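**Q** Structure supplied as coords32.cif; contents: mmCIF, C-alpha atoms.
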data_structure
loop_
_atom_site.label_atom_id
_atom_site.label_comp_id
_atom_site.auth_asym_id
_atom_site.auth_seq_id
_atom_site.Cartn_x
_atom_site.Cartn_y
_atom_site.Cartn_z
CA MET A 1 -61.00 -71.32 95.78
CA ALA A 2 -58.89 -73.36 98.17
CA ASP A 3 -55.56 -72.90 96.43
CA MET A 4 -55.84 -69.14 96.15
CA GLN A 5 -52.59 -67.37 97.02
CA LYS A 6 -53.07 -64.62 99.58
CA ILE A 7 -50.38 -61.96 99.72
CA GLN A 8 -50.39 -60.13 103.05
CA LEU A 9 -49.07 -56.56 103.08
CA ASP A 10 -48.64 -54.98 106.50
CA ILE A 11 -48.15 -51.24 106.06
CA LEU A 12 -49.08 -50.17 109.57
CA GLY A 13 -47.04 -47.32 110.99
CA GLN A 14 -45.34 -46.41 107.70
CA VAL A 15 -45.03 -43.06 105.99
CA CYS A 16 -47.81 -41.82 103.75
CA PRO A 17 -47.95 -42.75 100.74
CA ALA A 18 -46.06 -46.02 101.33
CA CYS A 19 -49.35 -47.87 101.35
CA LEU A 20 -50.50 -46.54 98.00
CA LEU A 21 -47.11 -47.08 96.33
CA VAL A 22 -46.55 -50.60 97.64
CA VAL A 23 -50.05 -51.68 96.63
CA LEU A 24 -49.72 -50.18 93.14
CA ARG A 25 -46.45 -52.06 92.68
CA GLU A 26 -47.87 -55.37 93.93
CA MET A 27 -50.91 -54.97 91.69
CA ASN A 28 -48.57 -54.59 88.72
CA ILE A 29 -46.34 -57.52 89.64
CA HIS A 30 -49.26 -59.89 90.18
CA ARG A 31 -51.46 -58.51 87.43
CA GLN A 32 -52.04 -61.84 85.69
CA GLN A 33 -52.71 -63.86 88.84
CA LEU A 34 -55.05 -61.16 90.20
CA LYS A 35 -57.01 -61.15 86.91
CA ASN A 36 -57.31 -64.94 86.93
CA GLY A 37 -58.44 -64.97 90.52
CA GLU A 38 -55.41 -66.98 91.62
CA THR A 39 -54.13 -64.29 93.95
CA GLN A 40 -55.56 -61.84 96.45
CA LEU A 41 -53.78 -58.89 98.02
CA ILE A 42 -54.67 -58.30 101.65
CA ILE A 43 -53.45 -54.95 102.97
CA LYS A 44 -53.36 -53.69 106.53
CA THR A 45 -53.15 -49.91 106.72
CA ASP A 46 -53.72 -47.06 109.16
CA HIS A 47 -53.73 -44.40 106.44
CA ARG A 48 -57.34 -43.27 106.41
CA ASP A 49 -57.17 -41.65 102.99
CA THR A 50 -55.96 -44.87 101.32
CA THR A 51 -59.40 -46.38 101.99
CA ARG A 52 -60.43 -43.94 99.27
CA THR A 53 -57.46 -43.88 96.89
CA ILE A 54 -56.62 -47.61 96.77
CA PRO A 55 -60.16 -48.90 96.09
CA GLU A 56 -60.54 -46.17 93.45
CA SER A 57 -57.30 -47.14 91.67
CA ALA A 58 -57.93 -50.89 91.97
CA ARG A 59 -61.48 -50.65 90.62
CA LYS A 60 -60.21 -48.63 87.66
CA MET A 61 -57.93 -51.57 86.89
CA GLY A 62 -60.91 -53.89 87.02
CA TYR A 63 -60.43 -55.62 90.37
CA ASP A 64 -62.93 -56.25 93.11
CA VAL A 65 -62.13 -54.43 96.32
CA GLU A 66 -63.38 -54.90 99.83
CA VAL A 67 -62.53 -52.69 102.82
CA ARG A 68 -63.07 -53.82 106.38
CA ASN A 69 -62.76 -51.74 109.57
CA LEU A 70 -60.77 -53.84 112.01
CA GLU A 71 -59.59 -52.99 115.56
CA THR A 72 -57.60 -49.78 115.02
CA TYR A 73 -56.86 -50.12 111.31
CA TYR A 74 -58.31 -50.97 107.90
CA GLU A 75 -57.99 -54.15 105.86
CA ILE A 76 -58.27 -53.81 102.10
CA THR A 77 -58.69 -56.93 99.96
CA ILE A 78 -58.00 -56.74 96.23
CA GLY A 79 -58.71 -59.51 93.71
CA LYS A 80 -61.52 -61.38 92.06
CA LYS A 81 -64.25 -62.46 94.44
CA MET B 1 -59.34 -8.43 117.17
CA ILE B 2 -59.44 -9.86 120.70
CA THR B 3 -56.77 -7.99 122.65
CA ASP B 4 -57.09 -9.84 125.97
CA PRO B 5 -54.35 -12.53 125.83
CA LEU B 6 -56.22 -15.22 127.77
CA LEU B 7 -59.42 -14.72 125.81
CA LEU B 8 -57.53 -14.68 122.51
CA ALA B 9 -55.62 -17.87 123.35
CA SER B 10 -58.81 -19.66 124.47
CA ALA B 11 -60.74 -18.65 121.36
CA ILE B 12 -57.90 -19.73 119.06
CA ALA B 13 -57.39 -23.01 120.93
CA LEU B 14 -61.09 -23.77 120.46
CA LEU B 15 -60.81 -23.05 116.72
CA GLY B 16 -57.75 -25.31 116.65
CA PHE B 17 -59.60 -28.09 118.46
CA ILE B 18 -62.42 -28.04 115.91
CA CYS B 19 -59.84 -27.80 113.11
CA GLY B 20 -58.01 -30.88 114.48
CA ILE B 21 -61.20 -32.95 114.54
CA VAL B 22 -62.17 -31.88 111.02
CA LEU B 23 -58.70 -32.46 109.51
CA TYR B 24 -58.36 -35.86 111.16
CA ARG B 25 -61.79 -37.08 110.12
CA GLY B 26 -61.34 -35.88 106.54
CA ASP B 27 -57.67 -36.98 106.55
CA TYR B 28 -57.26 -33.68 104.77
CA CYS B 29 -53.59 -33.76 103.86
CA MET B 30 -52.31 -30.84 101.84
CA VAL B 31 -49.24 -32.84 100.87
CA ALA B 32 -51.42 -35.56 99.37
CA MET B 33 -53.28 -32.80 97.53
CA LEU B 34 -50.25 -32.23 95.28
CA ARG B 35 -48.36 -35.53 95.67
CA ASP B 36 -51.25 -37.84 94.81
CA TYR B 37 -51.86 -35.83 91.68
CA TYR B 38 -48.26 -36.54 90.62
CA LEU B 39 -48.52 -40.19 91.69
CA ILE B 40 -51.92 -41.31 90.43
CA GLY B 41 -53.52 -38.23 88.88
CA ASP B 42 -55.95 -37.92 91.81
CA THR B 43 -57.51 -34.44 91.81
CA THR B 44 -60.12 -34.90 94.56
CA LEU B 45 -58.27 -32.77 97.10
CA LEU B 46 -57.15 -30.19 94.53
CA ARG B 47 -60.80 -29.72 93.56
CA SER B 48 -61.72 -29.11 97.17
CA PHE B 49 -58.99 -26.45 97.33
CA VAL B 50 -60.76 -24.54 94.55
CA ILE B 51 -63.84 -24.50 96.80
CA TYR B 52 -61.70 -23.39 99.74
CA PHE B 53 -60.15 -20.58 97.71
CA LEU B 54 -63.48 -19.18 96.52
CA ILE B 55 -65.12 -19.22 99.96
CA ALA B 56 -62.09 -17.92 101.86
CA SER B 57 -61.47 -15.19 99.32
CA ALA B 58 -65.11 -14.08 99.48
CA LEU B 59 -65.19 -14.16 103.30
CA PHE B 60 -61.89 -12.29 103.67
CA HIS B 61 -62.69 -9.55 101.18
CA LEU B 62 -66.31 -9.11 102.28
CA GLY B 63 -65.18 -9.14 105.92
CA ASN B 64 -62.78 -6.33 105.12
CA LEU B 65 -65.46 -4.43 103.22
CA VAL B 66 -67.90 -4.42 106.14
CA GLY B 67 -65.15 -3.55 108.63
CA LEU B 68 -64.87 -6.92 110.43
CA LEU B 69 -61.36 -7.59 109.13
CA PRO B 70 -59.67 -4.18 109.16
CA PHE B 71 -56.14 -5.57 108.93
CA LEU B 72 -55.53 -5.89 105.19
CA PRO B 73 -52.83 -6.85 104.38
CA PRO B 74 -52.53 -8.71 107.69
CA PRO B 75 -49.58 -7.81 109.95
CA THR B 76 -48.04 -11.30 109.54
CA PHE B 77 -47.58 -10.75 105.78
CA ALA B 78 -44.50 -9.11 104.24
CA LEU B 79 -42.96 -8.21 100.90
CA PRO B 80 -42.00 -11.15 98.67
CA SER B 81 -38.34 -11.91 97.97
CA LEU B 82 -36.16 -14.66 96.59
CA SER B 83 -36.40 -16.16 100.09
CA THR B 84 -40.10 -16.78 99.48
CA LEU B 85 -39.18 -18.73 96.35
CA ALA B 86 -36.26 -20.67 97.85
CA GLY B 87 -38.20 -21.40 101.02
CA GLY B 88 -41.21 -22.68 99.10
CA LEU B 89 -39.03 -25.04 97.09
CA LEU B 90 -37.32 -26.53 100.18
CA PHE B 91 -40.65 -26.69 101.97
CA GLY B 92 -42.24 -28.62 99.08
CA ILE B 93 -39.47 -31.22 99.05
CA GLY B 94 -39.57 -31.48 102.84
CA ILE B 95 -43.31 -32.04 103.24
CA VAL B 96 -43.34 -34.98 100.81
CA LEU B 97 -40.40 -36.67 102.56
CA ALA B 98 -41.96 -36.02 105.97
CA GLY B 99 -45.32 -37.39 104.82
CA GLY B 100 -47.14 -34.34 106.09
CA CYS B 101 -46.98 -30.58 106.30
CA VAL B 102 -46.73 -28.70 109.57
CA VAL B 103 -50.40 -29.27 110.35
CA GLY B 104 -50.67 -32.71 108.74
CA THR B 105 -47.83 -33.90 110.94
CA LEU B 106 -49.77 -32.75 114.01
CA TYR B 107 -53.04 -34.51 113.21
CA LYS B 108 -51.26 -37.66 112.05
CA MET B 109 -49.16 -37.74 115.23
CA ALA B 110 -52.44 -37.98 117.09
CA SER B 111 -53.11 -41.44 115.65
CA GLY B 112 -49.85 -42.68 117.19
CA ASN B 113 -47.88 -43.05 113.96
CA LEU B 114 -44.22 -42.76 115.00
CA ILE B 115 -43.09 -41.63 111.56
CA ASN B 116 -44.91 -38.34 112.16
CA TRP B 117 -43.35 -38.00 115.61
CA ILE B 118 -39.97 -38.33 113.88
CA SER B 119 -40.87 -35.54 111.41
CA PHE B 120 -42.10 -33.46 114.36
CA ALA B 121 -38.64 -33.79 115.93
CA GLY B 122 -37.17 -32.89 112.53
CA ILE B 123 -39.29 -29.74 112.33
CA LEU B 124 -38.05 -28.65 115.79
CA ALA B 125 -34.45 -29.42 114.78
CA GLY B 126 -34.86 -27.51 111.51
CA SER B 127 -36.23 -24.51 113.38
CA LEU B 128 -33.17 -24.49 115.66
CA LEU B 129 -30.87 -24.86 112.67
CA TYR B 130 -32.55 -21.86 111.07
CA ALA B 131 -32.00 -19.76 114.20
CA GLU B 132 -28.25 -20.17 113.57
CA VAL B 133 -28.43 -18.62 110.09
CA HIS B 134 -31.29 -16.18 110.63
CA PRO B 135 -29.26 -12.96 110.27
CA GLN B 136 -27.81 -14.08 106.92
CA VAL B 137 -31.21 -15.18 105.57
CA GLN B 138 -32.79 -11.93 106.68
CA LEU B 139 -30.10 -9.95 104.89
CA PHE B 140 -30.68 -12.05 101.76
CA SER B 141 -34.44 -11.39 101.97
CA THR B 142 -34.01 -7.62 102.20
CA GLN B 143 -31.53 -7.62 99.33
CA THR B 144 -33.73 -9.71 97.03
CA THR B 145 -37.15 -8.15 97.66
CA PHE B 146 -38.73 -7.81 94.25
CA ALA B 147 -42.04 -6.04 94.76
CA ALA B 148 -42.97 -2.78 96.40
CA SER B 149 -46.38 -4.06 97.54
CA ILE B 150 -47.55 -6.93 99.75
CA THR B 151 -50.74 -7.66 97.84
CA VAL B 152 -51.83 -7.39 94.23
CA ALA B 153 -54.47 -4.91 95.41
CA GLN B 154 -51.80 -2.51 96.74
CA HIS B 155 -50.04 -2.72 93.41
CA ASN B 156 -53.18 -2.21 91.36
CA PRO B 157 -56.73 -2.60 92.73
CA ILE B 158 -58.24 -3.01 89.25
CA LEU B 159 -55.85 -5.86 88.45
CA GLN B 160 -56.81 -7.53 91.74
CA SER B 161 -60.54 -7.26 91.00
CA LEU B 162 -59.97 -8.62 87.50
CA ILE B 163 -57.95 -11.61 88.72
CA LEU B 164 -60.51 -12.43 91.41
CA LEU B 165 -63.34 -12.12 88.88
CA VAL B 166 -61.65 -14.46 86.41
CA ILE B 167 -60.77 -17.00 89.13
CA SER B 168 -64.30 -16.87 90.55
CA ILE B 169 -65.97 -17.45 87.18
CA ALA B 170 -63.54 -20.24 86.23
CA GLY B 171 -63.85 -21.79 89.69
CA LEU B 172 -67.64 -21.73 89.73
CA LEU B 173 -67.79 -23.19 86.22
CA ALA B 174 -65.39 -25.96 87.25
CA ILE B 175 -67.44 -26.78 90.37
CA TRP B 176 -70.62 -26.83 88.29
CA ARG B 177 -68.98 -29.24 85.83
CA TRP B 178 -67.68 -31.53 88.58
CA SER B 179 -71.07 -31.72 90.24
CA ARG B 180 -72.66 -32.65 86.90
CA GLN B 181 -70.00 -35.33 86.31
CA GLY B 182 -71.09 -37.25 89.37
CA GLY B 183 -70.91 -34.93 92.30
CA LEU B 184 -68.19 -33.77 94.59
CA ASN B 185 -68.67 -36.63 97.03
CA VAL B 186 -66.12 -39.44 97.06
CA THR B 187 -66.25 -42.91 98.59
CA SER B 188 -64.07 -43.51 101.61
CA HIS B 189 -64.28 -46.27 104.18
CA ALA B 190 -62.60 -44.32 106.98
CA ARG B 191 -64.55 -44.05 110.24
CA GLY B 192 -66.29 -40.70 110.66
CA TYR B 193 -65.09 -39.51 107.23
CA ILE B 194 -65.89 -35.94 106.23
CA GLN B 195 -66.06 -35.21 102.49
CA PRO B 196 -63.14 -33.07 101.23
CA TRP B 197 -65.44 -30.30 99.95
CA LYS B 198 -67.05 -30.06 103.39
CA VAL B 199 -63.61 -29.88 105.03
CA ALA B 200 -62.78 -27.05 102.61
CA VAL B 201 -65.91 -25.10 103.59
CA LEU B 202 -65.25 -25.63 107.31
CA LEU B 203 -61.58 -24.64 106.96
CA ALA B 204 -62.53 -21.40 105.21
CA LEU B 205 -64.93 -20.57 108.05
CA LEU B 206 -62.36 -21.44 110.72
CA ASN B 207 -59.73 -19.29 109.02
CA PHE B 208 -62.21 -16.41 108.80
CA PHE B 209 -62.74 -16.57 112.58
CA PHE B 210 -59.00 -16.90 113.17
CA TYR B 211 -58.51 -13.73 111.12
CA LEU B 212 -61.34 -12.01 112.99
CA PHE B 213 -59.94 -12.89 116.43
CA SER B 214 -56.21 -12.41 115.78
CA ALA B 215 -55.90 -9.77 112.99
CA SER B 216 -54.22 -12.32 110.66
CA PRO B 217 -55.21 -15.55 108.92
CA MET B 218 -53.88 -18.82 110.36
CA GLY B 219 -50.17 -19.36 110.75
CA ILE B 220 -48.42 -22.04 112.76
CA THR B 221 -44.71 -22.55 111.99
CA THR B 222 -43.38 -19.84 114.30
CA ALA B 223 -45.01 -21.81 117.13
CA TYR B 224 -42.71 -24.72 116.26
CA ALA B 225 -39.72 -22.36 116.44
CA LYS B 226 -41.00 -21.16 119.81
CA VAL B 227 -41.30 -24.71 121.19
CA ALA B 228 -37.78 -25.40 119.89
CA ALA B 229 -36.54 -22.19 121.53
CA TYR B 230 -38.00 -23.24 124.92
CA LEU B 231 -36.24 -26.61 124.57
CA GLU B 232 -32.94 -25.03 123.60
CA ARG B 233 -33.19 -22.68 126.57
CA ILE B 234 -33.42 -25.70 128.88
CA PHE B 235 -30.42 -27.53 127.41
CA LEU B 236 -28.21 -24.74 126.03
CA PRO B 237 -29.37 -21.59 127.82
CA GLY B 238 -26.24 -19.59 127.03
CA HIS B 239 -26.38 -20.35 123.33
CA ALA B 240 -30.13 -19.70 123.00
CA ALA B 241 -29.73 -16.33 124.73
CA GLY B 242 -27.16 -15.29 122.15
CA LEU B 243 -29.28 -15.98 119.06
CA ALA B 244 -30.74 -12.90 117.39
CA TYR B 245 -33.71 -14.87 116.05
CA PHE B 246 -34.89 -15.60 119.60
CA GLN B 247 -34.34 -12.02 120.79
CA THR B 248 -36.20 -10.05 118.15
CA ASP B 249 -39.91 -9.82 117.39
CA SER B 250 -40.98 -11.03 113.95
CA ILE B 251 -44.35 -9.30 114.31
CA SER B 252 -45.23 -5.95 115.79
CA PHE B 253 -48.31 -3.89 115.01
CA LYS B 254 -50.81 -1.58 116.66
CA ALA B 255 -54.35 -2.72 117.42
CA GLY B 256 -55.94 0.55 118.41
CA GLU B 257 -53.81 1.85 121.26
CA ILE B 258 -52.22 -1.50 122.07
CA LEU B 259 -48.85 -2.51 120.66
CA VAL B 260 -48.98 -6.21 119.78
CA ARG B 261 -45.66 -8.05 119.54
CA GLY B 262 -44.58 -11.59 118.93
CA GLY B 263 -41.68 -13.75 117.81
CA ALA B 264 -40.00 -17.12 118.08
CA GLY B 265 -38.26 -16.34 121.38
CA PRO B 266 -39.04 -18.39 124.50
CA ARG B 267 -41.55 -16.01 126.07
CA LEU B 268 -45.28 -15.40 126.21
CA ASP B 269 -46.37 -13.10 123.39
CA TYR B 270 -48.77 -12.79 120.43
CA ILE B 271 -47.34 -15.97 118.81
CA SER B 272 -48.12 -17.93 122.00
CA TYR B 273 -51.74 -16.74 122.06
CA THR B 274 -52.30 -17.41 118.35
CA GLU B 275 -50.00 -19.94 116.64
CA LEU B 276 -49.08 -21.94 119.75
CA ALA B 277 -52.71 -22.06 120.87
CA LEU B 278 -53.70 -23.24 117.38
CA MET B 279 -51.00 -25.91 117.43
CA ALA B 280 -52.12 -27.24 120.83
CA GLY B 281 -55.75 -27.11 119.72
CA ILE B 282 -55.19 -29.03 116.48
CA PHE B 283 -53.24 -31.78 118.21
CA SER B 284 -55.83 -32.14 121.00
CA GLY B 285 -58.73 -32.13 118.56
CA ALA B 286 -57.11 -34.77 116.36
CA LEU B 287 -56.20 -36.86 119.42
CA ALA B 288 -59.79 -36.65 120.65
CA ALA B 289 -61.00 -37.85 117.23
CA ALA B 290 -58.42 -40.66 117.07
CA LEU B 291 -59.45 -41.87 120.53
CA TYR B 292 -63.15 -41.51 119.78
CA TYR B 293 -62.83 -43.67 116.65
CA LYS B 294 -60.52 -46.05 118.55
CA GLU B 295 -57.74 -45.55 116.00
CA PHE B 296 -54.95 -44.49 118.33
CA LYS B 297 -52.25 -47.16 118.13
CA ILE B 298 -48.45 -47.17 118.14
CA HIS B 299 -47.31 -49.69 115.54
CA GLY B 300 -43.58 -49.58 116.23
CA LEU B 301 -40.77 -48.05 114.25
CA PRO B 302 -41.04 -47.57 110.47
CA PRO B 303 -38.43 -48.95 108.00
CA TRP B 304 -35.12 -47.08 108.43
CA ARG B 305 -35.22 -45.39 105.01
CA GLN B 306 -38.57 -43.86 105.87
CA ALA B 307 -37.37 -42.79 109.31
CA VAL B 308 -34.34 -41.02 107.81
CA ALA B 309 -36.52 -39.38 105.16
CA ALA B 310 -39.05 -38.22 107.77
CA LEU B 311 -36.32 -36.63 109.89
CA ALA B 312 -34.64 -35.00 106.88
CA GLY B 313 -38.05 -33.93 105.54
CA GLY B 314 -38.92 -32.31 108.85
CA ILE B 315 -35.64 -30.39 108.90
CA LEU B 316 -36.05 -29.30 105.27
CA LEU B 317 -39.65 -28.19 105.64
CA ALA B 318 -38.85 -26.22 108.80
CA MET B 319 -35.88 -24.54 107.11
CA GLY B 320 -38.05 -23.79 104.07
CA ALA B 321 -40.87 -22.36 106.16
CA ARG B 322 -38.50 -20.20 108.19
CA ILE B 323 -36.63 -18.94 105.12
CA ALA B 324 -39.96 -18.02 103.48
CA SER B 325 -41.27 -16.85 106.89
CA GLY B 326 -44.39 -19.00 106.67
CA CYS B 327 -45.77 -22.30 105.44
CA ASN B 328 -48.65 -23.63 103.40
CA VAL B 329 -51.09 -22.69 106.17
CA LYS B 330 -50.23 -19.00 106.03
CA PHE B 331 -49.57 -18.85 102.31
CA PHE B 332 -51.99 -21.35 100.70
CA LEU B 333 -54.87 -20.81 103.12
CA GLY B 334 -54.35 -17.11 103.87
CA ALA B 335 -52.17 -15.30 101.36
CA LEU B 336 -53.49 -16.95 98.18
CA PRO B 337 -57.17 -16.03 98.74
CA LEU B 338 -56.02 -12.50 99.64
CA LEU B 339 -53.88 -12.38 96.48
CA ALA B 340 -50.71 -11.54 98.38
CA TRP B 341 -47.51 -11.88 96.37
CA GLN B 342 -45.87 -14.07 99.00
CA GLY B 343 -48.70 -16.60 98.65
CA ILE B 344 -48.56 -16.72 94.87
CA ILE B 345 -44.77 -17.13 94.76
CA PHE B 346 -44.60 -19.60 97.66
CA ALA B 347 -47.38 -21.72 96.15
CA ALA B 348 -45.66 -21.86 92.77
CA ALA B 349 -42.38 -22.90 94.38
CA THR B 350 -44.11 -25.52 96.55
CA VAL B 351 -45.80 -27.08 93.52
CA VAL B 352 -42.32 -27.62 92.03
CA GLY B 353 -40.83 -28.68 95.38
CA THR B 354 -43.46 -31.37 95.98
CA TRP B 355 -42.80 -32.73 92.48
CA ILE B 356 -39.09 -33.04 93.26
CA GLY B 357 -39.93 -34.53 96.67
CA THR B 358 -42.21 -37.11 95.05
CA ARG B 359 -39.39 -38.17 92.69
CA ILE B 360 -36.98 -38.58 95.62
CA LEU B 361 -39.58 -40.48 97.62
CA THR B 362 -40.42 -43.00 94.90
CA ARG B 363 -36.79 -43.45 93.88
CA TYR B 364 -34.94 -43.68 97.20
CA VAL B 365 -37.34 -43.99 100.11
CA ILE B 366 -40.19 -46.36 99.31
CA ARG B 367 -38.76 -49.17 97.22
#
Could I get this file's structure written as structure tokens?
**A**
Amino acid sequence: MADMQKIQLDILGQVCPACLLVVLREMNIHRQQLKNGETQLIIKTDHRDTTRTIPESARKMGYDVEVRNLETYYEITIGKK
Amino acid sequence: MITDPLLLASAIALLGFICGIVLYRGDYCMVAMLRDYYLIGDTTLLRSFVIYFLIASALFHLGNLVGLLPFLPPPTFALPSLSTLAGGLLFGIGIVLAGGCVVGTLYKMASGNLINWISFAGILAGSLLYAEVHPQVQLFSTQTTFAASITVAQHNPILQSLILLVISIAGLLAIWRWSRQGGLNVTSHARGYIQPWKVAVLLALLNFFFYLFSASPMGITTAYAKVAAYLERIFLPGHAAGLAYFQTDSISFKAGEILVRGGAGPRLDYISYTELALMAGIFSGALAAALYYKEFKIHGLPPWRQAVAALAGGILLAMGARIASGCNVKFFLGALPLLAWQGIIFAAATVVGTWIGTRILTRYVIR
């Protein structure tokens, strides 16, 4: 989808659990757009454990999740594929 | 126990190094264990703690039975008091704000996250702050001691056996149920991830060896006080020399003919060979892992609210640990499996403290 809105969240170097909390909040705010596939959340994080907790929470809410290992951090994408 | 200082320090540093690698790879955060349950109902890490408890408890008690661990209760344990309760509460609030406990801060520092370096500075500052009020806190502890025994076993051996039996049966049943519900393994995308239940097993083994080598299960916070004392001696030598906390030994016991002594003061002693060696080992091990997985990176300063919270959290958790004379490492990993009163009371207070800390964090820090 060309007109998909991509929301970038850079949580590198922040306190644990900032990543989890910010993502949960954004998922709530953009619930409708995420469900319709109009929006994707793209998160950059260096919290290793969030590569477990965020995908788990997002999948429970019915979203597709993809995690990529980049340079020194992780990129988590949430939304419909 | 290893009585040769150099040998003891080397053995403990090696245990610490392995511990650092394991904790980093599993991102085994004991703050997340409680906090993430409050936040999202995640019980993965709590479940692994049940496994830790059962294995550590079995190893410690069997080790004592066959004569490998003759020091029971260990010389670093003491009678519980209201200080244990108050300390645990402050500690619980502090670790959530700091985003890591005393050990978590160390292994997270190794990835280059500045927020954890800020809490590290906070922990040192909190330790120095405590040194100022140590005599008053100590008086309070002696006045509010509320048990005549260190462990449940000293109070009543039958009660201890009963409690351990009930916990073991309940724990094994729970583990059996979890493994039927889809296994204990979880999905993580972190490089070199180690499953939480495996970290729990490894930690129990490491703590057994720590106990075997040093006469006590793992402890680490007095090492922070020691580092802080060395720093204070450089900048305010006159003041540091006048503080009772840095002059007296917090531990003194006999290993055979040898008198073993240690404290927070700026000198080489038992604490240097055990806690300080463990601290150095954990940091090096975690740093080695972070470099190996190419994750070491300094991302710049965190948002100011988080920085303030990390500093305050570090101070609070250090004050809490000093007031209770130990932290989650000594009390959750050592005193709980040994059913020592201090562990039970500290753990209960920490569970409440982390809940309060989580409320503060979500309301004022991360918005």
**Q** What does the structure give for the distance between atom CA of A:Ile54 and atom CA of B:Ile282, in Å to one decimal?
**A**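 Result for atom CA of A:Ile54 versus atom CA of B:Ile282: 27.1 Å, one decimal.
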**Q** From the options B:Ala349, B:Leu89, B:Ile323, B:Ala286, which residue's atoms come nearest to B:Gly104, counting only C-alpha atoms?
**A**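 Of B:Ala349, B:Leu89, B:Ile323, B:Ala286, the one nearest B:Gly104, counting only C-alpha atoms, is B:Ala286.
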**Q** Need the shell around B:Leu114: protein/DNA/RNA residues with any atom at most 12 Å away, counting only C-alpha atoms. Skip same-chain ones fewer than 6 positions apart. Format as a ChimeraX atom specification?
**A** /A:12-16,46 /B:98-99,105-106,108,120-121,296-303,306-307,310-311
**Q** Restrict the distance test to only C-alpha atoms, flag each residue of chain B within 9 Å of chain A, and return the flagged residues as JSON, numbers by chain.
**A** {"B": [24, 25, 26, 27, 28, 29, 32, 35, 36, 39, 40, 42, 96, 97, 98, 99, 100, 111, 112, 113, 114, 115, 116, 186, 187, 188, 189, 190, 191, 193, 293, 294, 295, 296, 297, 298, 299, 300, 301, 302, 303, 306, 307, 310, 362, 366, 367]}
**Q** With C-alpha atoms retained, export the selected residues as an mmCIF file, in the coordinates of the input.
**A**
data_model
loop_
_atom_site.group_PDB
_atom_site.id
_atom_site.type_symbol
_atom_site.label_atom_id
_atom_site.label_comp_id
_atom_site.auth_asym_id
_atom_site.auth_seq_id
_atom_site.Cartn_x
_atom_site.Cartn_y
_atom_site.Cartn_z
ATOM 1 C CA TYR B 24 -58.360 -35.860 111.160
ATOM 2 C CA ARG B 25 -61.790 -37.080 110.120
ATOM 3 C CA GLY B 26 -61.340 -35.880 106.540
ATOM 4 C CA ASP B 27 -57.670 -36.980 106.550
ATOM 5 C CA TYR B 28 -57.260 -33.680 104.770
ATOM 6 C CA CYS B 29 -53.590 -33.760 103.860
ATOM 7 C CA ALA B 32 -51.420 -35.560 99.370
ATOM 8 C CA ARG B 35 -48.360 -35.530 95.670
ATOM 9 C CA ASP B 36 -51.250 -37.840 94.810
ATOM 10 C CA LEU B 39 -48.520 -40.190 91.690
ATOM 11 C CA ILE B 40 -51.920 -41.310 90.430
ATOM 12 C CA ASP B 42 -55.950 -37.920 91.810
ATOM 13 C CA VAL B 96 -43.340 -34.980 100.810
ATOM 14 C CA LEU B 97 -40.400 -36.670 102.560
ATOM 15 C CA ALA B 98 -41.960 -36.020 105.970
ATOM 16 C CA GLY B 99 -45.320 -37.390 104.820
ATOM 17 C CA GLY B 100 -47.140 -34.340 106.090
ATOM 18 C CA SER B 111 -53.110 -41.440 115.650
ATOM 19 C CA GLY B 112 -49.850 -42.680 117.190
ATOM 20 C CA ASN B 113 -47.880 -43.050 113.960
ATOM 21 C CA LEU B 114 -44.220 -42.760 115.000
ATOM 22 C CA ILE B 115 -43.090 -41.630 111.560
ATOM 23 C CA ASN B 116 -44.910 -38.340 112.160
ATOM 24 C CA VAL B 186 -66.120 -39.440 97.060
ATOM 25 C CA THR B 187 -66.250 -42.910 98.590
ATOM 26 C CA SER B 188 -64.070 -43.510 101.610
ATOM 27 C CA HIS B 189 -64.280 -46.270 104.180
ATOM 28 C CA ALA B 190 -62.600 -44.320 106.980
ATOM 29 C CA ARG B 191 -64.550 -44.050 110.240
ATOM 30 C CA TYR B 193 -65.090 -39.510 107.230
ATOM 31 C CA TYR B 293 -62.830 -43.670 116.650
ATOM 32 C CA LYS B 294 -60.520 -46.050 118.550
ATOM 33 C CA GLU B 295 -57.740 -45.550 116.000
ATOM 34 C CA PHE B 296 -54.950 -44.490 118.330
ATOM 35 C CA LYS B 297 -52.250 -47.160 118.130
ATOM 36 C CA ILE B 298 -48.450 -47.170 118.140
ATOM 37 C CA HIS B 299 -47.310 -49.690 115.540
ATOM 38 C CA GLY B 300 -43.580 -49.580 116.230
ATOM 39 C CA LEU B 301 -40.770 -48.050 114.250
ATOM 40 C CA PRO B 302 -41.040 -47.570 110.470
ATOM 41 C CA PRO B 303 -38.430 -48.950 108.000
ATOM 42 C CA GLN B 306 -38.570 -43.860 105.870
ATOM 43 C CA ALA B 307 -37.370 -42.790 109.310
ATOM 44 C CA ALA B 310 -39.050 -38.220 107.770
ATOM 45 C CA THR B 362 -40.420 -43.000 94.900
ATOM 46 C CA ILE B 366 -40.190 -46.360 99.310
ATOM 47 C CA ARG B 367 -38.760 -49.170 97.220
#
**Q** Interatomic distance between atom CA of B:Phe346 and atom CA of B:Leu82?
**A**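 About the pair atom CA of B:Phe346 and atom CA of B:Leu82: they are 9.8 Å apart.
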**Q** The PyMOL selection byres ((chain B and resi 53-59) around 7) on the file shown: which residues, as JSON, numbers by chain?
**A** {"B": [49, 50, 51, 52, 60, 61, 62, 63, 168, 201, 204, 208, 337, 338]}
**Q** Quick one: residues within 12 Å of A:Met61, all atoms listed in the file counted, chain neighbours fewer than 3 positions away excluded, as a list in words?
**A**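 Here the qualifying residues turn out to be Leu24, Met27, Asn28, Arg31, Gln32, Leu34, Lys35, Ile54, Pro55, Glu56, Ser57, Ala58, Asp64, Val65, Ile78, Gly79 and Lys80 of chain A.
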